[in-house]
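Asker: Structure in structure tokens, see below.
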Amino acid sequence: MTALLEIRGLTIDIARDEGPARVVDGIDLTVMAGESLGIVGESGCGKSLTMLSLVGLLPNRIRATAGSAMFGGKDLLKMTPGALRRVRGSEIGFIFQDPMTSLNPVIRIGDQIAEALIYQKGMTKPQAAIRAVELLALVGIPAPEDRAQAWPHELSGGMRQRVMIAMGLAGHPKLLIADEPTTALDVTIQAQIVDLVRDLKTRLNMSVVWITHDLALIAGLADRIAVLYAGTVVEDAPVAEIFDRPTHPYTRALLDSLPTLAGEAMSRLPSITGTPPEPGRRPPGCPFAPRCPLAQPACSDAVPKLAPVPGSDPRHRVACPIVIERAVA
Amino acid sequence: MTMIDTDDRPSGLWRDAWRRLRRNRLAVAGLFIIFGVVLVAVIGPWLSPYDFLSQNLDVRNQPPSASHWLGTDDLGRDVLARLMFGARTAFLVAIGVTVTAVFIGVSLGAVAGFFGGPFDRFVMWFTDITMSVPQLLLVVVINASLKQPISQWMEARYIETLNPIYRNSTLIDFVLVFGSMALISWPAYARLVRAQVLSVRNRPYVTAARALGLTNRIILTRYVLPNAMGPLIVAVSAGLGTAMVLESAFSFLGVGVTPPTPSWGNMISDGLRVWTNYPHLLVAPAAVLAVVTVAFNFLGDGLNDALNPKGQK
């Protein structure tokens with residue numbers, strides 16, 4: 001497998017009056033061709049910003065200040081806005097969190113999909129209209145010809161998210177980034193959307209990056225999972241390794257806080273004490289140290305680097321010298 | 001009305017707004033009055049047996065009668081015929097001024113709000129300056145300083161080319177009145193549209209459109225502006241009424257439409273001089289102006305409620 005996207009040392013800062021605040025601190029991530037990567041982390045850990053920075057969609061005052069992101073031989077972070085615009089949609093597709101507000105309320109569904117095809121791929125209007133109906137059929141919308149004529153408010157949340165996926169796929173991208181696409185949906189609909197994306201990924205031979213805070217949800221979707229904490233990758237491993245041998249204290253705590261069917265009835269789920277650091281108030285050294293059950297004084301000396309975990313899958317890497325020592329011992 | 005109902009592409013938003021508007025009696029009344037006055041403005045001169053310009057010195061200052069329903073003025077001209085032609089002036093000015101002002105205001109406000117940065121600061125600085133100059137003063141200065149040179153230039157062009165278009169003094173009037181009134185009206189629209197664009201440009205569907213790789217031009221015209229239109233429609237409806245009042249005020253002060261072209265403002269101005277003897281010469285144009293202005297405001301209020309249903313108590 002070849003790497004489709006290689007992010008190295010990505011750093012993102014928010015410009016504030018009292019000085020910049022770091023929200024993403026030297027992230028390394030690789031997405032292989034045809035692979036699906038799950039990015040897991042709490043709200044505000046920088047998982048969405050990391051992906052938005054790739055295609056130049058960061059909000060005002062937030063900037064990628066260091067690092068590189070090689071995609072198809074070019075560094076996305078060094079591209080001009082015009083060149084990035086052409087990457088968006090046609091090479092990297094996006095699906096967003098809230099399908100209820102992510103569609104323009106004054107344009108019909110079919111026209112909205114066709115719009116992307118006309119301006120991005122230079123199709124004629126009739127060609128784009130036909131392709132839009134095909135895309136609606138592809139994402140499993142019944143009676144696609146009729147639905148193409150519908151207004152966004154006439155569709156349910158699940159249907160709208162399917163339309164968003166159709167729009168994300170319109171340009172036939174090599175990489176589809178799904179930013180918590182099921183958070184706003186019912187549980188049954190969530191499962192349908194996950195199945196749909198997994199199916200489309202194989203059929204269209206794309207890579208998928210699925211951003212979520214729901215570990216259980218991507219267990220059945222991702223090939224590999226990267227766990228983010230306070231703007232750094234703390235553990236990066238194949239999906240089975242994460243669930244069978246969670247190594248980083250944060251990953252373990254995350255998994256412990258998931259309810260299981262085997263668990264004791266009526267017992268309280270464990271939660272992680274404390275809160276993640278605010279941007280600009282990062283502790284020195286390991287950002288998780290203040291909440292970590294294994295923390296030692298040395299943890300605050302240096303930010304730990306990702307390193308392979310001895311005795312497990314070579315792709316399993318963790319940013320915690322303490323657990324690595326234990327694994328060796 | 002049926003035209004909108006059977007439109008084969010009615011957007012849900014607009015259809016709902018139209019239904020709410022229809023339930024508002026005052027707004028519907030306003031709509032009917034405006035529609036009636038527009039009709040009169042278009043076909044009025046063919047309805048009246050009298051010409052609005054022809055004088056008949058035998059029947060000066062007549063009170064309302066069977067032959068002259070609203071009487072005659074000091075030159076024996078039929079007041080009703082002049083009022084009906086005045087409707088034409090009023091609507092021409094109101095539409096001309098509003099369209100020009102909205103065009104300038106929407107273009108500047110939308111681009112400023114969408115892109116921000118130095119251009120935004122420049123536009124806002126420019127609107128602040130325009131709004132800080134007393135409106136009346138600006139219009140008086142423009143008319144007083146430009147009318148003379150423009151008429152002279154037109155006269156010179158006429159002698160040169162013998163093209164009758166340069167003989168048309170009404171044209172200068174309209175251009176000057178439109179221009180100067182548009183110049184004082186655009187900043188309000190620019191601010192309104194800028195504020196709307198600022199709020200719409202961060203909505204998720206705009207980010208989604210960016211993620212699709214659409215160009216800024218498409219995003220602004222197809223995604224941002226159509227969703228920023230609601231308050232503008234309300235402002236335009238009220239603005240049409242305001243423009244009519246403004247035109248009347250300026251004609252009243254002698255810087256608007258020049259006689260003998262009838263405008264409600266110069267009719268009020270003429271009537272005011274003789275109102276103790278011939279009150280109908282003041283009452284007729286003043287009443288019409290008042291009714292039409294109120295109609296526009298009712299419609300504006302109705303549109304406001306129809307387009308912002310959440311704002312209702």
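The chains in the structure tokens are called A, B, ... from first to last as shown; in each chain the residues are counted from 1, and the ligands are counted from 1 in the order shown.
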When the cut-off is 8 Å and we count only C-alpha atoms, which residues of chain B are near chain A, given as a list in words?
Answerer: Ser11, Gly12, Leu13, Arg203, Pro204, Tyr205, Val206, Thr207, Ala208, Arg210, Ala211, Leu212, Gly213, Leu214, Thr215, Tyr223, Pro226 and Asn227 of chain B
Asker: So which bits of region 173-284 of chain A end up strand (DSSP E) when you DSSP the backbone, as a PyMOL selection string?
Answerer: chain A and resi 175-179+207-212+224-229+232-238
Asker: Considering only C-alpha atoms, return as an mmCIF file with C-alpha atoms, in the first residue's frame whatever protein or nucleic-acid residues lie within 7 Å of Asn266 (chain B), sequence-local ones (same chain, fewer than 4 positions apart) excluded.
Answerer:
data_model
loop_
_atom_site.group_PDB
_atom_site.id
_atom_site.type_symbol
_atom_site.label_atom_id
_atom_site.label_comp_id
_atom_site.auth_asym_id
_atom_site.auth_seq_id
_atom_site.Cartn_x
_atom_site.Cartn_y
_atom_site.Cartn_z
ATOM 1 C CA SER B 248 -42.260 64.992 -2.368
ATOM 2 C CA SER B 251 -40.188 68.891 -4.836
ATOM 3 C CA PHE B 252 -41.829 70.828 -2.047
ATOM 4 C CA PRO B 262 -46.684 67.121 -11.868
ATOM 5 C CA ASP B 270 -48.440 74.846 -4.775
#
Asker: Show me, as a PyMOL selection string, the residues that have an atom within 12 Å of Arg273 (chain B) when counting only C-alpha atoms, minus same-chain residues fewer than 5 positions from it.
Answerer: chain B and resi 73-74+252+266-268+278-279+281-282
Asker: Between A:Pro126, A:Gly9, A:Gly158, A:Pro308, which is the closest to Ile141 (chain A) once you count only C-alpha atoms?
Answerer: A:Gly158
Asker: Taking 2 positions as the minimum chain separation for residues in the same chain, which residues sit within 12 Å of Cys292 (chain A) when counting only C-alpha atoms? Answer as a CSV table (one decimal) with N, CA, C and O atoms, in the first residue's frame.
Answerer:
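Wrote out-v3.csv, looks like this:
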chain,number,residue,atom,x,y,z
A,248,HIS,N,-2.1,3.2,25.5
A,248,HIS,CA,-1.9,4.5,26.2
A,248,HIS,C,-3.0,4.7,27.3
A,248,HIS,O,-4.1,4.2,27.1
A,249,PRO,N,-2.6,5.3,28.4
A,249,PRO,CA,-3.6,5.4,29.5
A,249,PRO,C,-4.9,6.1,29.1
A,249,PRO,O,-5.9,5.7,29.6
A,250,TYR,N,-4.8,7.1,28.2
A,250,TYR,CA,-6.0,7.8,27.7
A,250,TYR,C,-6.9,6.8,26.9
A,250,TYR,O,-8.1,6.8,27.1
A,251,THR,N,-6.3,6.1,26.0
A,251,THR,CA,-7.1,5.1,25.2
A,251,THR,C,-7.8,4.1,26.1
A,251,THR,O,-9.0,3.8,26.0
A,252,ARG,N,-7.0,3.6,27.1
A,252,ARG,CA,-7.6,2.7,28.1
A,252,ARG,C,-8.8,3.3,28.8
A,252,ARG,O,-9.9,2.7,29.0
A,253,ALA,N,-8.6,4.5,29.3
A,253,ALA,CA,-9.7,5.2,30.0
A,253,ALA,C,-10.9,5.4,29.1
A,253,ALA,O,-12.0,5.2,29.5
A,272,ILE,N,-13.2,9.7,33.2
A,272,ILE,CA,-11.9,10.2,33.3
A,272,ILE,C,-11.9,11.5,34.2
A,272,ILE,O,-12.7,12.4,33.8
A,273,THR,N,-11.2,11.5,35.3
A,273,THR,CA,-11.3,12.7,36.1
A,273,THR,C,-10.6,13.9,35.4
A,273,THR,O,-9.7,13.7,34.6
A,274,GLY,N,-11.0,15.1,35.8
A,274,GLY,CA,-10.4,16.3,35.3
A,274,GLY,C,-10.9,16.6,33.9
A,274,GLY,O,-11.8,15.9,33.3
A,275,THR,N,-10.4,17.7,33.3
A,275,THR,CA,-10.8,18.1,31.9
A,275,THR,C,-9.6,18.3,31.1
A,275,THR,O,-8.5,18.5,31.6
A,276,PRO,N,-9.7,18.2,29.8
A,276,PRO,CA,-8.6,18.5,28.9
A,276,PRO,C,-8.1,19.9,29.0
A,276,PRO,O,-8.9,20.8,29.4
A,286,CYS,N,3.9,15.8,28.6
A,286,CYS,CA,2.8,15.1,28.2
A,286,CYS,C,1.5,15.8,28.5
A,286,CYS,O,1.3,16.1,29.7
A,287,PRO,N,0.6,16.1,27.6
A,287,PRO,CA,-0.6,16.9,27.9
A,287,PRO,C,-1.6,16.1,28.8
A,287,PRO,O,-2.4,16.7,29.4
A,288,PHE,N,-1.4,14.8,28.8
A,288,PHE,CA,-2.4,14.0,29.6
A,288,PHE,C,-1.9,13.7,31.0
A,288,PHE,O,-2.7,13.3,31.8
A,289,ALA,N,-0.7,14.1,31.3
A,289,ALA,CA,-0.1,13.8,32.6
A,289,ALA,C,-1.0,14.2,33.8
A,289,ALA,O,-1.1,13.5,34.7
A,290,PRO,N,-1.5,15.5,33.8
A,290,PRO,CA,-2.3,15.9,34.9
A,290,PRO,C,-3.5,14.9,35.2
A,290,PRO,O,-4.0,14.9,36.4
A,294,LEU,N,-1.0,6.9,35.7
A,294,LEU,CA,0.4,6.4,35.7
A,294,LEU,C,1.5,7.5,35.8
A,294,LEU,O,2.6,7.2,35.7
A,295,ALA,N,1.0,8.7,35.9
A,295,ALA,CA,1.9,9.9,35.7
A,295,ALA,C,3.0,9.8,36.7
A,295,ALA,O,2.9,9.4,37.9
A,296,GLN,N,4.2,10.2,36.3
A,296,GLN,CA,5.4,10.3,37.1
A,296,GLN,C,6.0,11.7,36.9
A,296,GLN,O,5.7,12.4,35.9
A,297,PRO,N,6.8,12.2,37.8
A,297,PRO,CA,7.4,13.5,37.6
A,297,PRO,C,8.0,13.7,36.3
A,297,PRO,O,7.9,14.8,35.7
A,299,CYS,N,7.2,12.8,33.5
A,299,CYS,CA,6.2,13.0,32.4
A,299,CYS,C,6.1,14.5,31.9
A,299,CYS,O,5.7,14.8,30.8
A,300,SER,N,6.4,15.4,32.9
A,300,SER,CA,6.2,16.8,32.6
A,300,SER,C,7.5,17.4,31.9
A,300,SER,O,7.6,18.6,31.7
A,320,CYS,N,3.9,7.2,24.9
A,320,CYS,CA,4.0,7.2,26.3
A,320,CYS,C,5.2,6.3,26.7
A,320,CYS,O,5.1,5.0,26.6
A,322,ILE,N,6.3,5.4,29.5
A,322,ILE,CA,6.1,4.6,30.7
A,322,ILE,C,5.4,3.2,30.3
A,322,ILE,O,5.9,2.2,30.7
A,323,VAL,N,4.4,3.3,29.4
A,323,VAL,CA,3.8,2.0,29.0
A,323,VAL,C,4.7,1.2,28.2
A,323,VAL,O,4.7,0.0,28.2
Asker: Would you please give, as a ChimeraX atom specification, all residues of region 28-263 of chain B that DSSP assigns to helix (DSSP H, G or I) based on the backbone?
Answerer: /B:28-47,57-59,79-115,117-132,135-161,164-167,169-200,204-211,216-252
Asker: Contacts of Thr11 (chain A) at 7 Å or less, counting only C-alpha atoms, minus same-chain residues fewer than 4 places along, as a list in words?
Answerer: Val24, Asp25, Gly26, Ile27, Ala64, Thr65, Ala66 and Gly67 of chain A
Asker: Calculate how many Å separate CA of Lys121 (chain A) from CA of Glu180 (chain A), rounding to one decimal.
Answerer: 27.0 Å
Asker: As an exercise, work out the distance from CA of Gln127 (chain A) to CA of Phe71 (chain A) in Å and give it to one decimal place.
Answerer: 29.6 Å
Asker: If we count only C-alpha atoms, what is near Ile7 (chain A) at a cut-off of 12 Å, once residues fewer than 2 positions away on the same chain are taken out, given as a PyMOL selection string?
Answerer: chain A and resi 3-5+9-11+26-32+50-51+53-54+64+66-71+74-77+233
Asker: Keeping only C-alpha atoms, write the selected residues to a file as a PDB file, in the first residue's frame.
Answerer:
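The result, stored in selection-v9.pdb:
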ATOM      1  CA  ALA A   3       0.582   6.524   1.361  1.00  0.00           C
ATOM      2  CA  LEU A   4      -2.116   8.816  -0.019  1.00  0.00           C
ATOM      3  CA  LEU A   5      -1.758  11.505   2.627  1.00  0.00           C
ATOM      4  CA  GLY A   9       4.515  17.847  12.387  1.00  0.00           C
ATOM      5  CA  LEU A  10       1.266  19.735  11.712  1.00  0.00           C
ATOM      6  CA  THR A  11       0.864  22.596  14.162  1.00  0.00           C
ATOM      7  CA  GLY A  26       2.902  18.513  15.865  1.00  0.00           C
ATOM      8  CA  ILE A  27       0.520  15.846  14.587  1.00  0.00           C
ATOM      9  CA  ASP A  28       1.873  12.995  12.442  1.00  0.00           C
ATOM     10  CA  LEU A  29      -0.706  10.985  10.518  1.00  0.00           C
ATOM     11  CA  THR A  30      -0.592   8.801   7.444  1.00  0.00           C
ATOM     12  CA  VAL A  31      -3.524   7.629   5.355  1.00  0.00           C
ATOM     13  CA  MET A  32      -2.808   4.758   2.991  1.00  0.00           C
ATOM     14  CA  THR A  50      -6.505  19.065  11.519  1.00  0.00           C
ATOM     15  CA  MET A  51      -8.639  17.921   8.597  1.00  0.00           C
ATOM     16  CA  SER A  53      -6.441  22.777   7.636  1.00  0.00           C
ATOM     17  CA  LEU A  54      -5.576  20.336   4.828  1.00  0.00           C
ATOM     18  CA  ALA A  64      -1.470  26.042  10.338  1.00  0.00           C
ATOM     19  CA  ALA A  66       4.227  24.458  10.893  1.00  0.00           C
ATOM     20  CA  GLY A  67       4.412  21.043   9.310  1.00  0.00           C
ATOM     21  CA  SER A  68       3.609  19.538   5.947  1.00  0.00           C
ATOM     22  CA  ALA A  69       0.806  17.495   4.405  1.00  0.00           C
ATOM     23  CA  MET A  70       1.891  15.623   1.297  1.00  0.00           C
ATOM     24  CA  PHE A  71      -1.003  14.553  -0.909  1.00  0.00           C
ATOM     25  CA  LYS A  74       2.234  18.068  -3.359  1.00  0.00           C
ATOM     26  CA  ASP A  75       2.247  19.817   0.008  1.00  0.00           C
ATOM     27  CA  LEU A  76      -1.339  20.921   0.660  1.00  0.00           C
ATOM     28  CA  LEU A  77      -0.201  23.439   3.266  1.00  0.00           C
ATOM     29  CA  VAL A 233      -1.691  11.778  18.532  1.00  0.00           C
TER      30      VAL A 233
END
